[in-house]
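Chemist: Pasting in a structure now, in structure tokens, and then I'll have a few things to ask.
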Amino acid sequence: MSEQLSKNVPVVFIGSCMTDMVSFASRLPKAGETIHGHRFFSGFGGKGSNQCIQAARLGAETLVICKVGKDTFGDNYIQNFRNNGVFTDFAFQTEEASTGVALIIVNDEGQNSIVIVAGANLLLDHEDLKMATYAIGGARVLCSQLEVTTAVSLEALRMAHAKGVKTIFNPAPAIPNLDQDFYTCSDVFCCNESEAEILTGIPVNKQEDAGKAGSILLNRGCGAVIITLGVQGCVLMSSQEPSPKHVPARNVTAVDTTGAGDSFVGALAFYMAYYPNLTLEEMVQRCSYIASISVQAQGTQTSFPYKKDLPASLF
């Protein structure tokens, strides 16, 4: 345990760090072809990290458990956490793999071609979690996803659940046949429509579909289920209130929806930790508002709002 963590940090995220490298060209290249692009940018990504940054920008004390390479991308990523006030005691670096990257080419029609190299993200392991035992057990909320290995994500959920820490599980990217403990160790199970379909086999195109899929997930042992539906808002239900409730989305002009789901989940972790007396529906309404702000700007973390830029009524 580091001296810095002689106190508990309320919100802990375990997840991935990805450096997005995005090139824009008139068309996608053919095999073996080199073409000229007209724009390029790089940015910080990865679901766990994105969610952590959003929670921090809302005012949460946050800590991230992750692994990056001992390379420039890794150094930059850890500095990015520090710039956002995130505790980095368990942001590990390794020489055995590179920092995760996503190489993205986008054409003028918005179609893309993507190569993802998970790299160091997949080397986060049991020993790393063991080192972070104090942080996990002392949190108010722990959040995990599936961009690190399923074994590590599940172990973190189990550790938190055993200590009475509230848990959020975001099954993204979704895989079928999840271990039963992913459900029973999740106080809130939060997924989008495509993830819900993969997990339940039910195509989710509207509110009624989300209610059916959500009931299946709830019956697997989750404390509560939230299924986000993009412009249609989201549907939530819980073991105490199993009837589906629809929370509509704000009507805004979207510029870039990338990372909106991570903004939502990061905000949810913030509210669960700092406003536990709010109902889940009230939390979801506020999270939806925050996510709607993020889609009105380009980029992922660059689009995430700060507390100072949001209405006081959200706090």
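The way I read the labels, and the way they are meant: chains A, B, ... in the order of the structure tokens, residue 1 as the first residue of every chain, and ligand 1 as the first ligand shown, with later ones counted on from there.
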Report the closest atom pair, with its distance in Å rounded to one decimal, for each residue of range 87-182 of chain A that has an atom no farther than 7 Å from range 7-18 of chain A; count only C-alpha atoms, sort by chain and then rising residue number, and write it as CSV.
Modeler:
```
residue,atom,partner,partner_atom,distance
A:Thr99,CA,A:Met18,CA,6.9
A:Gly100,CA,A:Met18,CA,4.6
A:Val101,CA,A:Met18,CA,4.9
A:Ala102,CA,A:Met18,CA,6.6
A:Asn121,CA,A:Ser16,CA,5.6
A:Ala135,CA,A:Asn8,CA,6.5
A:Ile136,CA,A:Val12,CA,6.7
A:Gly138,CA,A:Asn8,CA,5.2
A:Ala139,CA,A:Pro10,CA,4.5
A:Arg140,CA,A:Pro10,CA,4.9
A:Val141,CA,A:Val11,CA,5.0
A:Leu142,CA,A:Val12,CA,4.8
A:Cys143,CA,A:Phe13,CA,4.9
A:Ser144,CA,A:Ile14,CA,5.2
A:Gln145,CA,A:Gly15,CA,6.2
A:Glu147,CA,A:Ser16,CA,5.6
A:Val148,CA,A:Gly15,CA,5.9
```
Chemist: Store the residues picked out above in a file with N, CA and C atoms, as a short mmCIF file (atom, residue, chain, number, x, y, z; two decimals), in the first residue's frame.
Modeler:
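The new file again_19.cif reads:
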```cif
data_model
loop_
_atom_site.label_atom_id
_atom_site.label_comp_id
_atom_site.auth_asym_id
_atom_site.auth_seq_id
_atom_site.Cartn_x
_atom_site.Cartn_y
_atom_site.Cartn_z
N THR A 99 1.75 -0.47 -25.06
CA THR A 99 0.46 0.11 -24.68
C THR A 99 -0.57 -0.20 -25.76
N GLY A 100 -1.79 -0.47 -25.36
CA GLY A 100 -2.84 -0.78 -26.33
C GLY A 100 -3.06 0.36 -27.31
N VAL A 101 -3.28 0.01 -28.57
CA VAL A 101 -3.55 1.01 -29.60
C VAL A 101 -4.71 0.57 -30.49
N ALA A 102 -5.40 1.56 -31.03
CA ALA A 102 -6.42 1.33 -32.05
C ALA A 102 -6.03 2.14 -33.27
N ASN A 121 -2.85 -4.30 -21.98
CA ASN A 121 -4.14 -4.47 -21.30
C ASN A 121 -4.39 -5.92 -20.90
N ALA A 135 -7.22 -0.93 -2.05
CA ALA A 135 -7.98 0.07 -2.80
C ALA A 135 -9.35 -0.46 -3.19
N ILE A 136 -9.40 -1.71 -3.64
CA ILE A 136 -10.68 -2.30 -4.05
C ILE A 136 -11.63 -2.44 -2.86
N GLY A 138 -11.67 -0.82 -0.11
CA GLY A 138 -11.99 0.43 0.56
C GLY A 138 -12.81 1.39 -0.27
N ALA A 139 -13.16 0.99 -1.48
CA ALA A 139 -13.93 1.87 -2.37
C ALA A 139 -15.41 1.88 -1.99
N ARG A 140 -16.10 2.88 -2.47
CA ARG A 140 -17.56 2.88 -2.39
C ARG A 140 -18.15 2.18 -3.62
N VAL A 141 -17.49 2.38 -4.77
CA VAL A 141 -17.97 1.82 -6.03
C VAL A 141 -16.78 1.30 -6.82
N LEU A 142 -16.94 0.11 -7.41
CA LEU A 142 -15.95 -0.42 -8.35
C LEU A 142 -16.65 -0.67 -9.68
N CYS A 143 -15.98 -0.33 -10.77
CA CYS A 143 -16.54 -0.50 -12.10
C CYS A 143 -15.56 -1.28 -12.97
N SER A 144 -16.07 -2.28 -13.69
CA SER A 144 -15.22 -3.04 -14.61
C SER A 144 -15.94 -3.31 -15.92
N GLN A 145 -15.17 -3.69 -16.93
CA GLN A 145 -15.69 -3.98 -18.27
C GLN A 145 -14.99 -5.24 -18.79
N GLU A 147 -12.54 -5.21 -21.53
CA GLU A 147 -11.39 -4.94 -22.39
C GLU A 147 -10.07 -5.35 -21.74
N VAL A 148 -10.14 -5.89 -20.52
CA VAL A 148 -9.04 -6.67 -19.97
C VAL A 148 -9.53 -8.12 -19.97
#
```
Chemist: Taking 3 positions as the minimum chain separation for residues in the same chain, which residues sit within 12 Å of Asn251 in chain A when counting only C-alpha atoms? Answer as an mmCIF file with N, CA and C atoms, in the first residue's frame.
Modeler:
```cif
data_model
loop_
_atom_site.group_PDB
_atom_site.id
_atom_site.type_symbol
_atom_site.label_atom_id
_atom_site.label_comp_id
_atom_site.auth_asym_id
_atom_site.auth_seq_id
_atom_site.Cartn_x
_atom_site.Cartn_y
_atom_site.Cartn_z
ATOM 1 N N GLY A 230 -29.275 4.633 -27.089
ATOM 2 C CA GLY A 230 -28.908 5.764 -27.928
ATOM 3 C C GLY A 230 -29.942 6.872 -27.848
ATOM 4 N N VAL A 231 -30.437 7.306 -29.014
ATOM 5 C CA VAL A 231 -31.383 8.427 -29.059
ATOM 6 C C VAL A 231 -32.725 8.085 -28.412
ATOM 7 N N GLN A 232 -32.982 6.783 -28.196
ATOM 8 C CA GLN A 232 -34.233 6.380 -27.550
ATOM 9 C C GLN A 232 -34.143 6.428 -26.025
ATOM 10 N N GLY A 233 -32.974 6.795 -25.501
ATOM 11 C CA GLY A 233 -32.820 6.861 -24.052
ATOM 12 C C GLY A 233 -32.352 5.545 -23.480
ATOM 13 N N PRO A 248 -36.277 8.785 -21.247
ATOM 14 C CA PRO A 248 -35.988 9.308 -22.591
ATOM 15 C C PRO A 248 -34.687 10.088 -22.638
ATOM 16 N N ALA A 254 -26.254 15.682 -32.381
ATOM 17 C CA ALA A 254 -25.021 14.943 -32.096
ATOM 18 C C ALA A 254 -23.951 15.268 -33.128
ATOM 19 N N SER A 288 -27.806 10.455 -18.221
ATOM 20 C CA SER A 288 -28.237 10.653 -19.598
ATOM 21 C C SER A 288 -27.988 12.091 -20.041
ATOM 22 N N TYR A 289 -28.233 13.032 -19.159
ATOM 23 C CA TYR A 289 -27.980 14.440 -19.474
ATOM 24 C C TYR A 289 -26.491 14.655 -19.746
ATOM 25 N N ALA A 291 -24.203 12.462 -20.650
ATOM 26 C CA ALA A 291 -23.811 11.808 -21.897
ATOM 27 C C ALA A 291 -24.271 12.614 -23.105
ATOM 28 N N SER A 292 -25.424 13.286 -22.987
ATOM 29 C CA SER A 292 -25.921 14.098 -24.102
ATOM 30 C C SER A 292 -25.036 15.312 -24.356
ATOM 31 N N ILE A 293 -24.357 15.781 -23.325
ATOM 32 C CA ILE A 293 -23.386 16.864 -23.509
ATOM 33 C C ILE A 293 -22.185 16.352 -24.291
ATOM 34 N N VAL A 295 -21.920 14.073 -26.578
ATOM 35 C CA VAL A 295 -22.102 13.814 -28.011
ATOM 36 C C VAL A 295 -22.120 15.098 -28.834
ATOM 37 N N GLN A 296 -22.114 16.244 -28.171
ATOM 38 C CA GLN A 296 -22.157 17.509 -28.892
ATOM 39 C C GLN A 296 -20.769 18.074 -29.195
#
```
Chemist: Ranking A:Leu229, A:Ile53, A:Ile104, A:Val64 by minimum distance to Asp20 in chain A and counting only C-alpha atoms, which one comes first?
Modeler: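 With only C-alpha atoms as the atom set, the closest residue is A:Ile104.
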Chemist: Just want the 8 Å neighbourhood of Ile290 in chain A, counted on only C-alpha atoms, with same-chain residues fewer than 5 positions away dropped. Output as a list in words.
Modeler: Ser263, Phe264, Ala267, Pro305 and Leu310 of chain A
Chemist: Take the residues from that selection and write them out as a PDB file, in the first residue's frame, keeping C-alpha atoms.
Modeler:
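So again.pdb came out as:
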```
ATOM      1  CA  SER A 263     -19.555   9.058 -20.225  1.00  0.00           C
ATOM      2  CA  PHE A 264     -22.842   7.556 -18.972  1.00  0.00           C
ATOM      3  CA  ALA A 267     -21.295   9.458 -14.382  1.00  0.00           C
ATOM      4  CA  PRO A 305     -17.819  17.616 -19.571  1.00  0.00           C
ATOM      5  CA  LEU A 310     -22.826  21.547 -16.030  1.00  0.00           C
TER       6      LEU A 310
END
```
Chemist: For range 183-236 of chain A against range 164-179 of chain A, with a cut-off of 12 Å and counting only C-alpha atoms, what is the closest atom pair and its distance in Å to one decimal for every residue that makes the cut, ordered by chain and number, as JSON lines?
Modeler:
```
{"residue": "A:Tyr183", "atom": "CA", "partner": "A:Asp179", "partner_atom": "CA", "distance": 7.8}
{"residue": "A:Thr184", "atom": "CA", "partner": "A:Asp179", "partner_atom": "CA", "distance": 9.5}
{"residue": "A:Cys185", "atom": "CA", "partner": "A:Thr167", "partner_atom": "CA", "distance": 7.2}
{"residue": "A:Ser186", "atom": "CA", "partner": "A:Thr167", "partner_atom": "CA", "distance": 5.3}
{"residue": "A:Asp187", "atom": "CA", "partner": "A:Thr167", "partner_atom": "CA", "distance": 5.1}
{"residue": "A:Val188", "atom": "CA", "partner": "A:Ile168", "partner_atom": "CA", "distance": 4.8}
{"residue": "A:Phe189", "atom": "CA", "partner": "A:Phe169", "partner_atom": "CA", "distance": 5.1}
{"residue": "A:Cys190", "atom": "CA", "partner": "A:Asn170", "partner_atom": "CA", "distance": 5.1}
{"residue": "A:Cys191", "atom": "CA", "partner": "A:Asn170", "partner_atom": "CA", "distance": 5.7}
{"residue": "A:Asn192", "atom": "CA", "partner": "A:Ala172", "partner_atom": "CA", "distance": 8.7}
{"residue": "A:Glu193", "atom": "CA", "partner": "A:Ala174", "partner_atom": "CA", "distance": 10.6}
{"residue": "A:Ser194", "atom": "CA", "partner": "A:Ala174", "partner_atom": "CA", "distance": 8.3}
{"residue": "A:Glu195", "atom": "CA", "partner": "A:Ala174", "partner_atom": "CA", "distance": 5.2}
{"residue": "A:Ala196", "atom": "CA", "partner": "A:Ala174", "partner_atom": "CA", "distance": 8.1}
{"residue": "A:Glu197", "atom": "CA", "partner": "A:Ala174", "partner_atom": "CA", "distance": 9.2}
{"residue": "A:Ile198", "atom": "CA", "partner": "A:Pro176", "partner_atom": "CA", "distance": 6.0}
{"residue": "A:Leu199", "atom": "CA", "partner": "A:Pro176", "partner_atom": "CA", "distance": 5.2}
{"residue": "A:Thr200", "atom": "CA", "partner": "A:Pro176", "partner_atom": "CA", "distance": 8.1}
{"residue": "A:Gly201", "atom": "CA", "partner": "A:Pro176", "partner_atom": "CA", "distance": 9.1}
{"residue": "A:Leu217", "atom": "CA", "partner": "A:Leu178", "partner_atom": "CA", "distance": 11.1}
{"residue": "A:Arg220", "atom": "CA", "partner": "A:Asp179", "partner_atom": "CA", "distance": 10.4}
{"residue": "A:Gly221", "atom": "CA", "partner": "A:Asp179", "partner_atom": "CA", "distance": 11.5}
{"residue": "A:Cys222", "atom": "CA", "partner": "A:Phe169", "partner_atom": "CA", "distance": 9.7}
{"residue": "A:Gly223", "atom": "CA", "partner": "A:Thr167", "partner_atom": "CA", "distance": 9.5}
{"residue": "A:Ala224", "atom": "CA", "partner": "A:Ile168", "partner_atom": "CA", "distance": 9.5}
{"residue": "A:Val225", "atom": "CA", "partner": "A:Phe169", "partner_atom": "CA", "distance": 9.8}
{"residue": "A:Ile226", "atom": "CA", "partner": "A:Asn170", "partner_atom": "CA", "distance": 9.7}
{"residue": "A:Ile227", "atom": "CA", "partner": "A:Asn170", "partner_atom": "CA", "distance": 10.2}
{"residue": "A:Thr228", "atom": "CA", "partner": "A:Asn170", "partner_atom": "CA", "distance": 11.1}
```
Chemist: Only N, CA and C atoms, please: the residues just picked out, written as a compact mmCIF listing (two decimals), in the first residue's frame.
Modeler:
```txt
# COMPACT_ATOMS: atom_id res chain seq x y z
N TYR A 183 -23.08 -11.74 -13.18
CA TYR A 183 -24.42 -11.22 -12.88
C TYR A 183 -24.62 -11.06 -11.37
N THR A 184 -24.32 -12.09 -10.63
CA THR A 184 -24.61 -12.06 -9.19
C THR A 184 -23.71 -11.09 -8.43
N CYS A 185 -22.56 -10.74 -9.00
CA CYS A 185 -21.66 -9.79 -8.35
C CYS A 185 -21.87 -8.36 -8.85
N SER A 186 -22.89 -8.14 -9.68
CA SER A 186 -23.14 -6.81 -10.24
C SER A 186 -24.33 -6.16 -9.56
N ASP A 187 -24.07 -5.07 -8.83
CA ASP A 187 -25.18 -4.29 -8.29
C ASP A 187 -25.92 -3.60 -9.42
N VAL A 188 -25.16 -3.12 -10.41
CA VAL A 188 -25.76 -2.55 -11.62
C VAL A 188 -25.07 -3.16 -12.83
N PHE A 189 -25.85 -3.74 -13.72
CA PHE A 189 -25.38 -4.35 -14.95
C PHE A 189 -25.82 -3.42 -16.07
N CYS A 190 -24.86 -2.73 -16.70
CA CYS A 190 -25.18 -1.67 -17.66
C CYS A 190 -24.62 -2.00 -19.04
N CYS A 191 -25.50 -2.14 -20.03
CA CYS A 191 -25.05 -2.49 -21.38
C CYS A 191 -25.88 -1.71 -22.40
N ASN A 192 -25.43 -1.74 -23.67
CA ASN A 192 -26.21 -1.11 -24.73
C ASN A 192 -27.04 -2.18 -25.44
N GLU A 193 -27.77 -1.76 -26.47
CA GLU A 193 -28.71 -2.68 -27.11
C GLU A 193 -28.02 -3.86 -27.80
N SER A 194 -26.88 -3.61 -28.45
CA SER A 194 -26.20 -4.71 -29.15
C SER A 194 -25.60 -5.69 -28.15
N GLU A 195 -25.09 -5.18 -27.05
CA GLU A 195 -24.54 -6.07 -26.02
C GLU A 195 -25.65 -6.90 -25.38
N ALA A 196 -26.80 -6.28 -25.15
CA ALA A 196 -27.94 -7.01 -24.58
C ALA A 196 -28.37 -8.14 -25.50
N GLU A 197 -28.34 -7.89 -26.82
CA GLU A 197 -28.73 -8.94 -27.77
C GLU A 197 -27.75 -10.10 -27.74
N ILE A 198 -26.46 -9.81 -27.69
CA ILE A 198 -25.45 -10.87 -27.64
C ILE A 198 -25.63 -11.72 -26.38
N LEU A 199 -25.95 -11.08 -25.27
CA LEU A 199 -26.05 -11.78 -24.00
C LEU A 199 -27.35 -12.56 -23.83
N THR A 200 -28.42 -12.11 -24.48
CA THR A 200 -29.73 -12.74 -24.27
C THR A 200 -30.30 -13.42 -25.51
N GLY A 201 -29.78 -13.08 -26.70
CA GLY A 201 -30.35 -13.62 -27.94
C GLY A 201 -31.57 -12.88 -28.42
N LEU A 217 -31.70 -10.67 -17.99
CA LEU A 217 -30.47 -10.35 -17.28
C LEU A 217 -30.72 -10.22 -15.78
N ARG A 220 -30.87 -13.42 -13.96
CA ARG A 220 -29.59 -14.11 -13.78
C ARG A 220 -28.88 -13.67 -12.50
N GLY A 221 -29.45 -12.70 -11.80
CA GLY A 221 -28.92 -12.36 -10.48
C GLY A 221 -28.42 -10.95 -10.29
N CYS A 222 -28.57 -10.07 -11.30
CA CYS A 222 -28.13 -8.68 -11.14
C CYS A 222 -29.01 -7.95 -10.13
N GLY A 223 -28.40 -6.99 -9.44
CA GLY A 223 -29.20 -6.14 -8.57
C GLY A 223 -30.09 -5.22 -9.36
N ALA A 224 -29.56 -4.68 -10.47
CA ALA A 224 -30.31 -3.80 -11.36
C ALA A 224 -29.72 -3.90 -12.75
N VAL A 225 -30.54 -3.59 -13.75
CA VAL A 225 -30.10 -3.64 -15.15
C VAL A 225 -30.46 -2.31 -15.81
N ILE A 226 -29.50 -1.77 -16.56
CA ILE A 226 -29.73 -0.59 -17.40
C ILE A 226 -29.33 -0.96 -18.82
N ILE A 227 -30.25 -0.77 -19.76
CA ILE A 227 -29.92 -0.98 -21.17
C ILE A 227 -30.07 0.37 -21.88
N THR A 228 -28.95 0.87 -22.40
CA THR A 228 -28.96 2.15 -23.10
C THR A 228 -29.36 1.94 -24.56
```
Chemist: Which of these residues is nearest to Asp309 in chain A, using only C-alpha atoms: A:Gln111, A:Ser294, A:Thr150, A:Thr62?
Modeler: A:Ser294
Chemist: Could you pull the residues within 10 Å of Leu124 in chain A, counting only C-alpha atoms, minus those fewer than 5 positions along the same chain, as a list in words?
Modeler: Ile14, Gly15, Ser16, Ile65, Cys66, Lys67, Val68, Ala91, Phe92, Gln93, Thr94, Leu129, Val148, Thr149, Ala151, Val152 and Ser153 of chain A
Chemist: Identify, with DSSP run on backbone atoms, the residues in range 101-245 of chain A assigned to strand (DSSP E or B), and express the list as an MDAnalysis selection string.
Modeler: chainID A and resid 101:106 112:117 141:144 166:169 188:192 224:228 234:238 245
Chemist: Skipping near chain neighbours, those fewer than 2 positions away, what residues fall within 9 Å of Gly43 in chain A using only C-alpha atoms, listed as a ChimeraX atom specification?
Modeler: /A:18-22,41,45,299-302
Chemist: Which parts of range 131-283 of chain A does DSSP call helix (DSSP H, G or I) when run on the backbone here, written out as a ChimeraX atom specification?
Modeler: /A:131,133-137,150-162,181-184,193-200,207-219,230-232,260-274,280-283
Chemist: Quote the spacing between CA of Gly259 in chain A and CA of Gln298 in chain A in Å to one decimal place.
Modeler: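 CA of Gln298 in chain A lies at a distance of 9.9 Å from CA of Gly259 in chain A.
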Chemist: Restricting the calculation to only C-alpha atoms: of A:Ala297, A:Ser23, A:Val265, A:Cys287, which residue gets closest to Ser49 in chain A?
Modeler: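 Smallest separation from Ser49 in chain A among the options: A:Val265.
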Chemist: Quote the spacing between CA of Arg57 in chain A and CA of Phe304 in chain A in Å to one decimal place.
Modeler: 7.8 Å
Chemist: Which value, in Å to one decimal, gives the distance between CA of Ile216 in chain A and CA of Leu146 in chain A?
Modeler: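 Separation of CA of Ile216 in chain A and CA of Leu146 in chain A: 20.1 Å.
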Chemist: When you look at Asn112 in chain A with a cut-off of 12 Å (counting only C-alpha atoms), what residues show up, excluding the ones that are within fewer than 2 positions of it in the same chain? I need them as a list of chain:residue names.
Modeler: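 Once the nearby chain positions are removed, what remains is A:Val22, A:Ser23, A:Phe24, A:Ala25, A:Ser26, A:Arg27, A:Leu28, A:Pro29, A:Ala102, A:Leu103, A:Ile104, A:Ile105, A:Val106, A:Asn107, A:Asp108, A:Glu109, A:Gly110, A:Ile114, A:Val115.
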Chemist: Check the smallest atom-to-atom distance from each of A:Gly211, A:Gly266, A:Thr257, A:Glu155 to Pro242 in chain A using only C-alpha atoms, then report the winner.
Modeler: A:Gly211
